[in-house]
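Colleague: Before anything else, here's the structure in question.
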Amino acid sequence: MNALIYWLDMAGVIVFALSGVVLACRTRMDPFGMLVLAAVTGIGGGTLRDMVLGVGPVFWVTDPTYLWVILVTVGLAIIGFHYIHRLSRGFLPVADAFGLALFVVIGAHKTLQLQMPGLVAVLMGMMTGVAGGMVRDMLARRVPMVLREEIYATAAIAGGIAYVGLDALGAPGPLAVAVSLATTLGLRLAAIHWHLALPTFAWVVIPSASEAASPADQKVAPPASPHEPPRPKVRVRMIRPEQSRRRKNRP
Amino acid sequence: MNALIYWLDMAGVIVFALSGVVLACRTRMDPFGMLVLAAVTGIGGGTLRDMVLGVGPVFWVTDPTYLWVILVTVGLAIIGFHYIHRLSRGFLPVADAFGLALFVVIGAHKTLQLQMPGLVAVLMGMMTGVAGGMVRDMLARRVPMVLREEIYATAAIAGGIAYVGLDALGAPGPLAVAVSLATTLGLRLAAIHWHLALPTFAWVVIPSASEAASPADQKVAPPASPHEPPRPKVRVRMIRPEQSRRRKNRP
Amino acid sequence: MNALIYWLDMAGVIVFALSGVVLACRTRMDPFGMLVLAAVTGIGGGTLRDMVLGVGPVFWVTDPTYLWVILVTVGLAIIGFHYIHRLSRGFLPVADAFGLALFVVIGAHKTLQLQMPGLVAVLMGMMTGVAGGMVRDMLARRVPMVLREEIYATAAIAGGIAYVGLDALGAPGPLAVAVSLATTLGLRLAAIHWHLALPTFAWVVIPSASEAASPADQKVAPPASPHEPPRPKVRVRMIRPEQSRRRKNRP
């Protein structure tokens with residue numbers, strides 16, 4: 001059981017590292033930039049988890065195999081850079097969903113082993129799966145996609161709740177792992193396939209009555225725009241995904 | 001005394017979480033984005049403090065009440081999203097100043113309890129109050145406002161010095177807490193009311209004499225502009241707040 | 001030996017802090033912004049290293065001299081702000097290379113003292129030297145330059161390998177330190193002088209055959225552009241530095 005999880009963990013690191021490599025190419029980085037984005041995505045979430053839990057040296061300091069795996073992955077990606085573009089359609093999103101599901105289980109499992117409360121375990125599972133990609137996007141100066149539209153973190157939270165709940169009910173370990181993996185994977189793959197997304201909330205400026213000839217003039221407010229008198233009304237609107245015209249394309 | 005501080009701490013977390021919710025709406029995030037910005041703002045500063053101090057598990061791992069408070073706050077904000085826009089004028093800046101003052105005292109207090117030097121305690125108080133908002137702004141891809149113009153961190157530093165100084169002089173705990181709260185709150189509210197700001201320093205390009213017909217041509221240099229020969233002179237100018245034409249509007 | 005390293009460490013902190021001050025001026029920050037950028041650059045790398053290694057309180061909590069050094073550096077920079085622009089040519093890049101070389105040795109040395117594996121020591125040396133500047137650039141909302149074109153991290157990695165390798169071979173401490181310093185410094189100064197850079201990898205859109213009149217139409221894809229049918233081909237190209245027309249100017 002544990003050996004299986006260990007190898008699946010390595011597979012998750014490889015997949016997440018590849019998503020870092022793809023984003024590095026998209027933002028035109030050099031090989032070191034690739035290495036940093038790959039490492040941050042592959043082991044960043046677990047690093048933050050271990051630092052927050054205060055368990056002493058983080059996992060890849062104790063077991064540098066993770067670092068070698070990332071080095072070899074980036075090395076192979078550089079040698080075979082002609083083929084990187086093939087990763088970004090089809091294969092990578094599905095593999096990424098697989099890695100997410102695994103990281104959630106591993107994060108929740110490690111936290112429960114430290115006798116932490118269930119809510120903390122759910123949060124740590126989510127953080128292990130999601131934080132690496134968030135820092136990756138920040139380094140490449142994008143607003144982390146996970147904060148905006150896709151059902152990504154929601155799937156991670158559901159998987160974490162499934163694991164922690166079954167563990168609390170005394171279910172055998174392999175069953176809890178399997179149900180949690182299936183929950184995260186299922187939700188995430190469904191979100192990819194049907195473009196599911198949660199509604200977003202937006203700050204909407206409504207022009208004051210005198211200048212508002214037609215309601216079609218409503219527009220989303222630029223952040224921190226200087227408000228000139230007469231003050232336009234500002235409201236928060238819920239925007240359902242089907243109203244959104246933006247396409248979804250993640251690296 | 002301690003129970004009072006605990007409840008005030010929770011109030012500070014709620015207020016900071018709400019400022020994260022408001023920024024999430026302004027940058028059009030989904031409910032998970034709201035949750036992340038709320039959590040980062042509400043408990044991010046204390047998390048960084050505990051990780052730097054190396055105290056083992058951070059405070060909200062030991063006491064998950066903080067997490068429940070943030071969950072409930074965001075849940076209520078989503079249910080009542082029609083009313084979020086009312087928060088951004090008037091109420092929120094004042095409540096935020098209150099939260100800042102509390103977080104400074106709590107950060108400095110915890111550090112002194114660990115027998116750390118006074119300078120570290122002042123820094124930790126400031127970090128507890130300010131770091132959450134900085135990471136919030138970075139996640140939403142803004143240059144943290146606290147780095148630019150407002151008397152925000154300065155108020156936090158003054159409050160921290162007041163607390164650490166009174167503690168070193170042997171003042172009773174409640175007095176030190178009260179004076180520190182009053183210092184931070186007073187400075188911050190004064191800064192909000194009179195739009196006080198520190199002078200900023202800017203990189204100014206002075207065209208070379210041959211092309212500089214009038215001194216009015218001086219302009220602030222775009223960062224990292226390619227310098228063409230003949231090289232323009234570059235100087236650092238101090239810009240007083242009243243010269244600045246930018247409006248201040250924080251979420 | 002140890003006293004010499006301690007003083008050189010302080011010199012490295014001062015130089016890195018000054019690079020933070022220069023960037024703060026370029027992005028028009030107030031004195032507190034200067035202080036934050038200076039502190040993040042000067043002690044950020046070592047802070048991350050100590051948190052990852054889980055050594056308890058980070059180094060500047062145990063020895064606040066580092067904080068005083070940064071405070072005095074920023075104070076002097078504010079008093080003498082008329083002269084800051086003189087730092088950005090000539091002096092600062094060379095001094096920065098010196099600081100980088102020192103931080104690499106210190107990071108690798110501290111890690112080996114904790115009986116960590118060699119690969120971790122190389123990584124920690126690199127992280128100590130590079131991470132502060134990366135967070136500095138993120139706070140000022142730039143894509144960290146170190147991720148893009150310059151031979152910066154590569155020099156740090158080479159210096160770390162030199163130190164760890166000589167240490168493993170049983171070389172005396174001062175020799176390992178000297179060779180590592182010379183390696184990092186030499187590579188970095190050569191990169192500055194001859195504008196050496198690693199090739200970058202870029203995502204290139206190739207228009208579909210029907211609309212591609214000439215191959216000169218190939219252009220670098222804007223990140224995450226909406227792909228309209230008929231789908232253009234996307235390839236990853238390796239771009240050698242001499243093909244790049246962008247100038248290099250770091251703060």
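Chain labels run A, B, ... following the order of the structure tokens; each chain numbers its residues from 1, and ligands are numbered from 1 in the order shown.
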Could you please select, counting only C-alpha atoms, the residues of chain B within 8 Å of chain C and state them as a ChimeraX atom specification?
Modeller: /B:51-56,116-117,119-120,138,141-144,146-149,153-154,198-203,221,223-224,226,234-237
Colleague: Looking at A:Leu166, A:Val40, A:Met238, A:Val74, which one is nearest to Gly129 (chain A), with distances taken over only C-alpha atoms?
Modeller: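 Closest to Gly129 (chain A), using only C-alpha atoms: A:Val40.
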Colleague: Can you tell me how far CA of Asp9 (chain C) sits from CA of Leu102 (chain C), in Å to one decimal?
Modeller: 6.6 Å
Colleague: Going by DSSP on the backbone, which residues of region 7-205 of chain A come out as helix (DSSP H, G or I)? List them as number ranges by chain.
Modeller: A: 7-26, 31-53, 59-62, 65-79, 81-88, 91-113, 118-139, 145-147, 153-168, 173-194
Colleague: Find the distance between CA of Ala39 (chain B) and CA of Phe91 (chain B) and write it in Å to one decimal.
Modeller: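 Separation between CA of Ala39 (chain B) and CA of Phe91 (chain B): 20.0 Å.
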Colleague: Figure out the distance between CA of Tyr163 (chain B) and CA of Thr183 (chain B), please, to one decimal in Å.
Modeller: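 CA of Tyr163 (chain B) lies 9.4 Å from CA of Thr183 (chain B).
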Colleague: Using DSSP secondary structure from the backbone, list all strand (DSSP E or B) positions within region 11-248 of chain B, as a list in words.
Modeller: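 Answer for region 11-248 of chain B, restricted to strand (DSSP E or B): Glu150, Ala197, Thr200, Phe201, Ala202, Trp203, Val204, Val205, Ile206, Lys219, Val220, Lys233, Val234, Arg235, Val236, Arg237, Met238 and Ile239 of chain B.
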Colleague: Store the residues picked out above in a file with N, CA and C atoms, as a short mmCIF file (atom, residue, chain, number, x, y, z; two decimals), in the first residue's frame.
Modeller:
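Heads up, here's the output in selection_20.cif:
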```cif
data_model
loop_
_atom_site.label_atom_id
_atom_site.label_comp_id
_atom_site.auth_asym_id
_atom_site.auth_seq_id
_atom_site.Cartn_x
_atom_site.Cartn_y
_atom_site.Cartn_z
N GLU B 150 0.46 54.76 1.44
CA GLU B 150 -0.30 55.08 2.62
C GLU B 150 0.50 54.89 3.90
N ALA B 197 0.31 60.60 3.70
CA ALA B 197 1.16 59.60 3.06
C ALA B 197 2.60 60.03 3.23
N THR B 200 7.28 59.58 -1.63
CA THR B 200 7.82 58.43 -2.36
C THR B 200 9.08 58.86 -3.09
N PHE B 201 9.87 57.87 -3.45
CA PHE B 201 11.08 58.14 -4.20
C PHE B 201 10.91 57.58 -5.60
N ALA B 202 11.23 58.36 -6.60
CA ALA B 202 11.00 57.91 -7.97
C ALA B 202 12.24 58.12 -8.80
N TRP B 203 12.38 57.27 -9.77
CA TRP B 203 13.46 57.28 -10.74
C TRP B 203 13.04 58.25 -11.84
N VAL B 204 13.77 59.31 -12.03
CA VAL B 204 13.35 60.34 -12.98
C VAL B 204 14.38 60.44 -14.08
N VAL B 205 13.90 60.44 -15.33
CA VAL B 205 14.80 60.60 -16.47
C VAL B 205 14.84 62.07 -16.86
N ILE B 206 16.04 62.61 -16.94
CA ILE B 206 16.21 64.00 -17.38
C ILE B 206 16.80 63.95 -18.78
N LYS B 219 10.08 63.48 -17.22
CA LYS B 219 9.01 62.52 -16.92
C LYS B 219 9.55 61.35 -16.12
N VAL B 220 8.62 60.70 -15.41
CA VAL B 220 9.02 59.53 -14.64
C VAL B 220 9.39 58.42 -15.61
N LYS B 233 20.21 61.66 -18.50
CA LYS B 233 20.59 61.59 -17.09
C LYS B 233 19.45 60.98 -16.29
N VAL B 234 19.81 60.21 -15.29
CA VAL B 234 18.80 59.60 -14.43
C VAL B 234 19.04 60.09 -13.01
N ARG B 235 18.02 60.52 -12.34
CA ARG B 235 18.15 60.95 -10.96
C ARG B 235 17.02 60.34 -10.14
N VAL B 236 17.24 60.26 -8.83
CA VAL B 236 16.17 59.83 -7.93
C VAL B 236 15.59 61.08 -7.28
N ARG B 237 14.30 61.27 -7.42
CA ARG B 237 13.64 62.43 -6.84
C ARG B 237 12.73 62.00 -5.70
N MET B 238 12.61 62.86 -4.69
CA MET B 238 11.64 62.62 -3.63
C MET B 238 10.36 63.33 -4.03
N ILE B 239 9.25 62.59 -4.05
CA ILE B 239 7.98 63.17 -4.48
C ILE B 239 7.07 63.26 -3.28
#
```
Colleague: Need to verify the contact set: Ala95 (chain A), 9 Å, only C-alpha atoms, exclusion of same-chain residues closer than 5 positions in sequence. Can you return it as a PDB file with all heavy atoms, in the first residue's frame?
Modeller:
```pdb
ATOM      1  N   GLY A  12       2.816  11.833  -9.679  1.00  0.00           N
ATOM      2  CA  GLY A  12       2.192  13.145  -9.540  1.00  0.00           C
ATOM      3  C   GLY A  12       3.214  14.267  -9.653  1.00  0.00           C
ATOM      4  O   GLY A  12       2.970  15.289 -10.306  1.00  0.00           O
ATOM      5  N   VAL A  15       4.136  14.779 -13.339  1.00  0.00           N
ATOM      6  CA  VAL A  15       3.092  15.447 -14.114  1.00  0.00           C
ATOM      7  C   VAL A  15       3.029  16.935 -13.772  1.00  0.00           C
ATOM      8  O   VAL A  15       2.964  17.794 -14.657  1.00  0.00           O
ATOM      9  CB  VAL A  15       1.737  14.769 -13.840  1.00  0.00           C
ATOM     10  CG1 VAL A  15       0.622  15.618 -14.372  1.00  0.00           C
ATOM     11  CG2 VAL A  15       1.714  13.393 -14.456  1.00  0.00           C
ATOM     12  N   PHE A  16       3.081  17.250 -12.488  1.00  0.00           N
ATOM     13  CA  PHE A  16       3.037  18.658 -12.092  1.00  0.00           C
ATOM     14  C   PHE A  16       4.278  19.393 -12.602  1.00  0.00           C
ATOM     15  O   PHE A  16       4.197  20.549 -13.032  1.00  0.00           O
ATOM     16  CB  PHE A  16       2.926  18.767 -10.567  1.00  0.00           C
ATOM     17  CG  PHE A  16       1.506  18.749 -10.075  1.00  0.00           C
ATOM     18  CD1 PHE A  16       0.555  17.927 -10.654  1.00  0.00           C
ATOM     19  CD2 PHE A  16       1.104  19.567  -9.032  1.00  0.00           C
ATOM     20  CE1 PHE A  16      -0.757  17.915 -10.206  1.00  0.00           C
ATOM     21  CE2 PHE A  16      -0.208  19.568  -8.574  1.00  0.00           C
ATOM     22  CZ  PHE A  16      -1.134  18.736  -9.163  1.00  0.00           C
ATOM     23  N   GLY A  90      -4.975  17.552 -24.370  1.00  0.00           N
ATOM     24  CA  GLY A  90      -5.342  16.173 -24.087  1.00  0.00           C
ATOM     25  C   GLY A  90      -4.611  15.567 -22.914  1.00  0.00           C
ATOM     26  O   GLY A  90      -5.156  15.483 -21.820  1.00  0.00           O
ATOM     27  N   LEU A 100      -3.412  15.829  -9.033  1.00  0.00           N
ATOM     28  CA  LEU A 100      -4.159  16.561  -8.011  1.00  0.00           C
ATOM     29  C   LEU A 100      -4.811  15.599  -7.030  1.00  0.00           C
ATOM     30  O   LEU A 100      -4.694  15.752  -5.804  1.00  0.00           O
ATOM     31  CB  LEU A 100      -5.227  17.429  -8.684  1.00  0.00           C
ATOM     32  CG  LEU A 100      -6.153  18.187  -7.736  1.00  0.00           C
ATOM     33  CD1 LEU A 100      -5.400  19.297  -7.037  1.00  0.00           C
ATOM     34  CD2 LEU A 100      -7.354  18.758  -8.472  1.00  0.00           C
TER      35      LEU A 100
END
```
Colleague: Within 9 Å of Leu123 (chain A), counting only C-alpha atoms, which residues show up once you throw out same-chain ones fewer than 5 positions away? Write them as a ChimeraX atom specification, please.
Modeller: /A:107-108,118,128,157,160
